[in-house]
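Asks: To start, I am sharing the structure in question, which I have written as structure tokens.
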Amino acid sequence: MASTPQPPHDDVLKELNWESLQASARRRLRARLSGFGAHDLEDAVQDVAERLVRFVRRHGSPESPEALLVHIVRAVASDAIKRRQHERRLGTGQVRTWVEDSPQADGEDEILEEYVLIVFHVREYLRLRRAHCLPLADAKARGESLKEFALRHKRSYEGVRQVWSRCVRLIHDAIRRKRLRLSWPMPWRRRTSGE
Amino acid sequence: MSDLHDRFRASLAAHLAEVLSEDESAWMEAHARECAECAGLLERVRERLPGLELDGGHAPAALIARWIRSSPELTPLERELVERHLAECEVCRGDAEEMSKLAGLPAVLPLRTGPKVPAHSSLLVRVAASAAVIAVVAVIAVQLTGRRETRLAGPSPGTITRPGGAEPGATPRAREAVTIKLLDRDRAEAGEVVPSATLVADSTRLLIQLPPIFLGSARRVTARVVLGEGTLIWERVLNAEALARPLEPEVATGVWTPGRYRLEIVPEQDPSGTSTRTYKFELKAVPPVPPVPSR
């Protein structure tokens, strides 16, 4: 009789300390989902665990399990909050999740992660420099484009671009002087052979 | 053609962040007009950007992981940007504490600075088996804008301060503690604002509270206080956890003198000194309140 094939990366899943991971997830979700009931919180914890399992099955052992956990917790919390907001406004609960299970979504996720990394450094550096374009950096951190910002604030797009470009020169200067490096591999993404 | 795809994909995040040069940005737009596949990728990622609204502004988990695991790999500026953010963002600070715990690493994170300390804000303390903890004493906030001096609440008009009999909230009695709260802005490379505190003449106790500091895997540090150009005032080897609470360096004479000082924190196994943190501070003296002559 043929033996039942093992699910992928089963050994990795067994090595993870699920009790610690779930306890951490619960603590961080509780911090983010104030106002949510205990039942919703436990649902969110389960959601985190499921996404973690799915990730490991697809990609194998994460280089940084703690970073992956926090990344998933943030996504789950964000989805839960948006779902509640949608339910209150429209009576529907469909929210696109951050982490999806498809090669296409994997590629998009990586680009989004890189985007978040870039805008974090840009924003914090401009804060350090007390740059006048900080509101624009805040907008970028929220995922807003300069065009959208100009529209929302009833300002000329060209004017906003000019202000931003002066600040971008500060960033380029810091990169040239090797004070900032705006991209590096995501620590939890292991490269499989052939990539 | 795949080189063009690779180039497009590699620059897409920066393009959406609108930090590319004009030439690069123009190339990206031109390529997207010619390549349906890349245009599709651009649109799909662009559509997901509004999803960042809730978590926008927080430090990416990957970066926090890099900070807690291998800070020497970050440039000094990158480290400072993360630490400044952690000092101000309770959510990211909580995430960093949790990640340190899961990773089995010690992390020293400060109490949130400012008048309001959140109920759940806590210092992550990982006690070594033979840790000797330095005693913690009171904290006095130091104004860091400009070079304004800070002193404890002075005596209200008409209040007489007698040695050993100071009213509550009056000028510090002799041997009371004076605290300096250091921020990462005061690191040697910044050098813009030097926190200062005023010593009452007989005050002998100085407390120094550190900003966020990452020590990687170092479990012990050498802490030293140096006066002026190089006079060593105090030096001690401490467990990393001790940095989570205010340090109380001791001066041989028992009395701190006014002057410019610096606190150096040197992680163990750092012979090159590249990970040494230096914080400047200044102590200023005022004469004690004279006793009111008796009638």
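Chain labels follow the order of the structure tokens: the first chain is A, the next B, and so on; residue numbering restarts at 1 in every chain, and ligands are counted from 1 in their shown order.
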Distance table requested - chain B against chain A, cut-off 9 Å, only C-alpha atoms: one row per qualifying residue with the closest atom pair and its distance in Å to one decimal, ordered by chain and rising residue number, as JSON lines.

Replies:
{"residue": "B:Arg9", "atom": "CA", "partner": "A:Ile111", "partner_atom": "CA", "distance": 8.0}
{"residue": "B:Ala10", "atom": "CA", "partner": "A:Ile111", "partner_atom": "CA", "distance": 8.4}
{"residue": "B:Leu12", "atom": "CA", "partner": "A:Ile111", "partner_atom": "CA", "distance": 7.0}
{"residue": "B:Ala13", "atom": "CA", "partner": "A:Tyr115", "partner_atom": "CA", "distance": 4.6}
{"residue": "B:Ala14", "atom": "CA", "partner": "A:Tyr115", "partner_atom": "CA", "distance": 6.5}
{"residue": "B:His15", "atom": "CA", "partner": "A:Tyr115", "partner_atom": "CA", "distance": 8.9}
{"residue": "B:Leu16", "atom": "CA", "partner": "A:Tyr115", "partner_atom": "CA", "distance": 7.3}
{"residue": "B:Ala17", "atom": "CA", "partner": "A:Tyr115", "partner_atom": "CA", "distance": 6.4}
{"residue": "B:Glu18", "atom": "CA", "partner": "A:Ser145", "partner_atom": "CA", "distance": 8.0}
{"residue": "B:Val19", "atom": "CA", "partner": "A:Val168", "partner_atom": "CA", "distance": 5.9}
{"residue": "B:Leu20", "atom": "CA", "partner": "A:Val168", "partner_atom": "CA", "distance": 8.2}
{"residue": "B:Ser21", "atom": "CA", "partner": "A:Val168", "partner_atom": "CA", "distance": 8.5}
{"residue": "B:Leu41", "atom": "CA", "partner": "A:Glu108", "partner_atom": "CA", "distance": 7.5}
{"residue": "B:Arg44", "atom": "CA", "partner": "A:Glu108", "partner_atom": "CA", "distance": 7.6}
{"residue": "B:Val45", "atom": "CA", "partner": "A:Glu108", "partner_atom": "CA", "distance": 5.9}
{"residue": "B:Arg46", "atom": "CA", "partner": "A:Gly143", "partner_atom": "CA", "distance": 8.5}
{"residue": "B:Arg48", "atom": "CA", "partner": "A:Leu112", "partner_atom": "CA", "distance": 8.2}
{"residue": "B:Leu49", "atom": "CA", "partner": "A:Gly143", "partner_atom": "CA", "distance": 4.5}
{"residue": "B:Pro50", "atom": "CA", "partner": "A:Gly143", "partner_atom": "CA", "distance": 5.0}
{"residue": "B:Gly51", "atom": "CA", "partner": "A:Gly143", "partner_atom": "CA", "distance": 7.3}
{"residue": "B:Leu52", "atom": "CA", "partner": "A:Arg142", "partner_atom": "CA", "distance": 5.3}
{"residue": "B:Glu53", "atom": "CA", "partner": "A:Arg142", "partner_atom": "CA", "distance": 4.3}
{"residue": "B:Leu54", "atom": "CA", "partner": "A:Ser78", "partner_atom": "CA", "distance": 6.5}
{"residue": "B:Asp55", "atom": "CA", "partner": "A:Ser78", "partner_atom": "CA", "distance": 7.2}
{"residue": "B:Gly56", "atom": "CA", "partner": "A:Arg142", "partner_atom": "CA", "distance": 4.6}
{"residue": "B:Gly57", "atom": "CA", "partner": "A:Ala141", "partner_atom": "CA", "distance": 5.4}
{"residue": "B:His58", "atom": "CA", "partner": "A:Phe120", "partner_atom": "CA", "distance": 7.3}
{"residue": "B:Ala59", "atom": "CA", "partner": "A:Phe120", "partner_atom": "CA", "distance": 6.4}
{"residue": "B:Pro60", "atom": "CA", "partner": "A:Leu117", "partner_atom": "CA", "distance": 6.1}
{"residue": "B:Ala61", "atom": "CA", "partner": "A:Ala67", "partner_atom": "CA", "distance": 5.1}
{"residue": "B:Ala62", "atom": "CA", "partner": "A:Ala67", "partner_atom": "CA", "distance": 5.5}
{"residue": "B:Leu63", "atom": "CA", "partner": "A:Leu117", "partner_atom": "CA", "distance": 7.5}
{"residue": "B:Ile64", "atom": "CA", "partner": "A:Ala67", "partner_atom": "CA", "distance": 7.5}
{"residue": "B:Ala65", "atom": "CA", "partner": "A:Ala67", "partner_atom": "CA", "distance": 5.6}
{"residue": "B:Arg66", "atom": "CA", "partner": "A:Pro187", "partner_atom": "CA", "distance": 7.7}
{"residue": "B:Leu74", "atom": "CA", "partner": "A:Arg181", "partner_atom": "CA", "distance": 8.7}
{"residue": "B:Thr75", "atom": "CA", "partner": "A:Arg179", "partner_atom": "CA", "distance": 6.1}
{"residue": "B:Pro76", "atom": "CA", "partner": "A:Arg179", "partner_atom": "CA", "distance": 7.4}
{"residue": "B:Leu77", "atom": "CA", "partner": "A:Arg179", "partner_atom": "CA", "distance": 5.9}
{"residue": "B:Glu78", "atom": "CA", "partner": "A:Leu180", "partner_atom": "CA", "distance": 6.3}
{"residue": "B:Leu81", "atom": "CA", "partner": "A:Glu124", "partner_atom": "CA", "distance": 5.9}
{"residue": "B:Val82", "atom": "CA", "partner": "A:Glu124", "partner_atom": "CA", "distance": 8.1}
{"residue": "B:Arg84", "atom": "CA", "partner": "A:Glu124", "partner_atom": "CA", "distance": 8.3}
{"residue": "B:His85", "atom": "CA", "partner": "A:Glu124", "partner_atom": "CA", "distance": 7.4}
{"residue": "B:Val91", "atom": "CA", "partner": "A:Ala31", "partner_atom": "CA", "distance": 7.6}
{"residue": "B:Gly94", "atom": "CA", "partner": "A:Arg28", "partner_atom": "CA", "distance": 7.4}
{"residue": "B:Asp95", "atom": "CA", "partner": "A:Val70", "partner_atom": "CA", "distance": 6.8}
{"residue": "B:Glu98", "atom": "CA", "partner": "A:Ser24", "partner_atom": "CA", "distance": 6.4}
{"residue": "B:Met99", "atom": "CA", "partner": "A:Glu66", "partner_atom": "CA", "distance": 5.0}
{"residue": "B:Ser100", "atom": "CA", "partner": "A:Glu66", "partner_atom": "CA", "distance": 7.9}
{"residue": "B:Lys101", "atom": "CA", "partner": "A:Glu66", "partner_atom": "CA", "distance": 8.8}
{"residue": "B:Leu102", "atom": "CA", "partner": "A:Glu66", "partner_atom": "CA", "distance": 6.0}
{"residue": "B:Ala103", "atom": "CA", "partner": "A:Glu66", "partner_atom": "CA", "distance": 6.5}

Asks: Atom CA of A:Gln22 and atom CA of A:Arg88 are how many Å apart?

Replies: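 For atom CA of A:Gln22 relative to atom CA of A:Arg88, the distance reads 28.7 Å.
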
Asks: Going by DSSP on the backbone, which residues of stretch 67-160 of chain A come out as alpha helix (DSSP H)? List them as a VMD selection string.

Replies: chain A and resid 67 to 90 103 to 128 134 to 141 146 to 152 157 to 160

Asks: What separation in Å, quoted to one decimal, exists between atom CA of A:Asp11 and atom CA of A:Glu63?

Replies: 15.2 Å

Asks: Can you measure atom CA of B:Ser2 to atom CA of B:Met28 for me? One decimal in Å is fine.

Replies: 14.5 Å

Asks: List the spatial neighbours of stretch 46-58 of chain A as a list in words - criterion: any atom at most 8 Å away, only C-alpha atoms, same-chain residues fewer than 2 positions off excluded.

Replies: Pro7, Pro8, His9, Asp10, Val12, Leu13, Gln22, Ala25, Glu42, Asp43, Ala44, Gly60, Ser61, Pro62, Leu68, Leu69, Ile72, Val73, Val76, Val99 and Asp101 of chain A

Asks: What would the file look like if the residues just selected were written as an mmCIF file, in the first residue's frame with N, CA and C atoms?

Replies:
data_model
loop_
_atom_site.group_PDB
_atom_site.id
_atom_site.type_symbol
_atom_site.label_atom_id
_atom_site.label_comp_id
_atom_site.auth_asym_id
_atom_site.auth_seq_id
_atom_site.Cartn_x
_atom_site.Cartn_y
_atom_site.Cartn_z
ATOM 1 N N PRO A 7 2.864 16.386 3.681
ATOM 2 C CA PRO A 7 2.697 17.759 3.165
ATOM 3 C C PRO A 7 4.062 18.434 3.119
ATOM 4 N N PRO A 8 4.218 19.407 2.225
ATOM 5 C CA PRO A 8 5.533 20.038 2.100
ATOM 6 C C PRO A 8 5.931 20.753 3.394
ATOM 7 N N HIS A 9 7.240 20.655 3.686
ATOM 8 C CA HIS A 9 7.831 21.365 4.827
ATOM 9 C C HIS A 9 7.161 21.006 6.145
ATOM 10 N N ASP A 10 6.709 19.782 6.248
ATOM 11 C CA ASP A 10 6.091 19.333 7.492
ATOM 12 C C ASP A 10 7.098 19.371 8.627
ATOM 13 N N VAL A 12 9.555 21.392 9.014
ATOM 14 C CA VAL A 12 9.760 22.783 9.459
ATOM 15 C C VAL A 12 8.639 23.199 10.397
ATOM 16 N N LEU A 13 7.419 22.823 10.031
ATOM 17 C CA LEU A 13 6.270 23.185 10.862
ATOM 18 C C LEU A 13 6.397 22.566 12.249
ATOM 19 N N GLN A 22 1.889 31.658 18.963
ATOM 20 C CA GLN A 22 0.496 32.058 19.147
ATOM 21 C C GLN A 22 0.345 33.023 20.311
ATOM 22 N N ALA A 25 1.451 36.292 19.013
ATOM 23 C CA ALA A 25 0.429 36.822 18.097
ATOM 24 C C ALA A 25 -0.737 37.394 18.892
ATOM 25 N N GLU A 42 -9.502 35.716 19.207
ATOM 26 C CA GLU A 42 -9.074 34.330 19.009
ATOM 27 C C GLU A 42 -9.183 33.945 17.529
ATOM 28 N N ASP A 43 -10.215 34.466 16.860
ATOM 29 C CA ASP A 43 -10.328 34.217 15.409
ATOM 30 C C ASP A 43 -9.098 34.773 14.694
ATOM 31 N N ALA A 44 -8.691 35.958 15.129
ATOM 32 C CA ALA A 44 -7.533 36.590 14.493
ATOM 33 C C ALA A 44 -6.263 35.776 14.765
ATOM 34 N N GLY A 60 8.871 27.280 2.820
ATOM 35 C CA GLY A 60 9.842 26.625 3.697
ATOM 36 C C GLY A 60 10.121 27.468 4.929
ATOM 37 N N SER A 61 11.263 27.145 5.562
ATOM 38 C CA SER A 61 11.584 27.774 6.837
ATOM 39 C C SER A 61 11.876 29.260 6.653
ATOM 40 N N PRO A 62 11.211 30.109 7.409
ATOM 41 C CA PRO A 62 11.521 31.535 7.299
ATOM 42 C C PRO A 62 12.841 31.845 7.976
ATOM 43 N N LEU A 68 8.372 37.421 10.356
ATOM 44 C CA LEU A 68 7.230 36.927 9.591
ATOM 45 C C LEU A 68 5.961 36.973 10.438
ATOM 46 N N LEU A 69 6.081 36.584 11.697
ATOM 47 C CA LEU A 69 4.910 36.599 12.570
ATOM 48 C C LEU A 69 4.348 38.004 12.691
ATOM 49 N N ILE A 72 2.628 39.125 9.532
ATOM 50 C CA ILE A 72 1.302 38.522 9.358
ATOM 51 C C ILE A 72 0.317 39.113 10.365
ATOM 52 N N VAL A 73 0.747 39.313 11.595
ATOM 53 C CA VAL A 73 -0.124 39.917 12.607
ATOM 54 C C VAL A 73 -0.621 41.279 12.131
ATOM 55 N N VAL A 76 -3.219 40.742 9.399
ATOM 56 C CA VAL A 76 -4.478 40.229 9.930
ATOM 57 C C VAL A 76 -5.216 41.321 10.688
ATOM 58 N N VAL A 99 -1.656 39.097 2.484
ATOM 59 C CA VAL A 99 -0.847 37.943 2.106
ATOM 60 C C VAL A 99 -1.719 36.948 1.372
ATOM 61 N N ASP A 101 -1.989 33.558 -1.506
ATOM 62 C CA ASP A 101 -1.277 32.342 -1.883
ATOM 63 C C ASP A 101 -1.258 32.157 -3.391
#
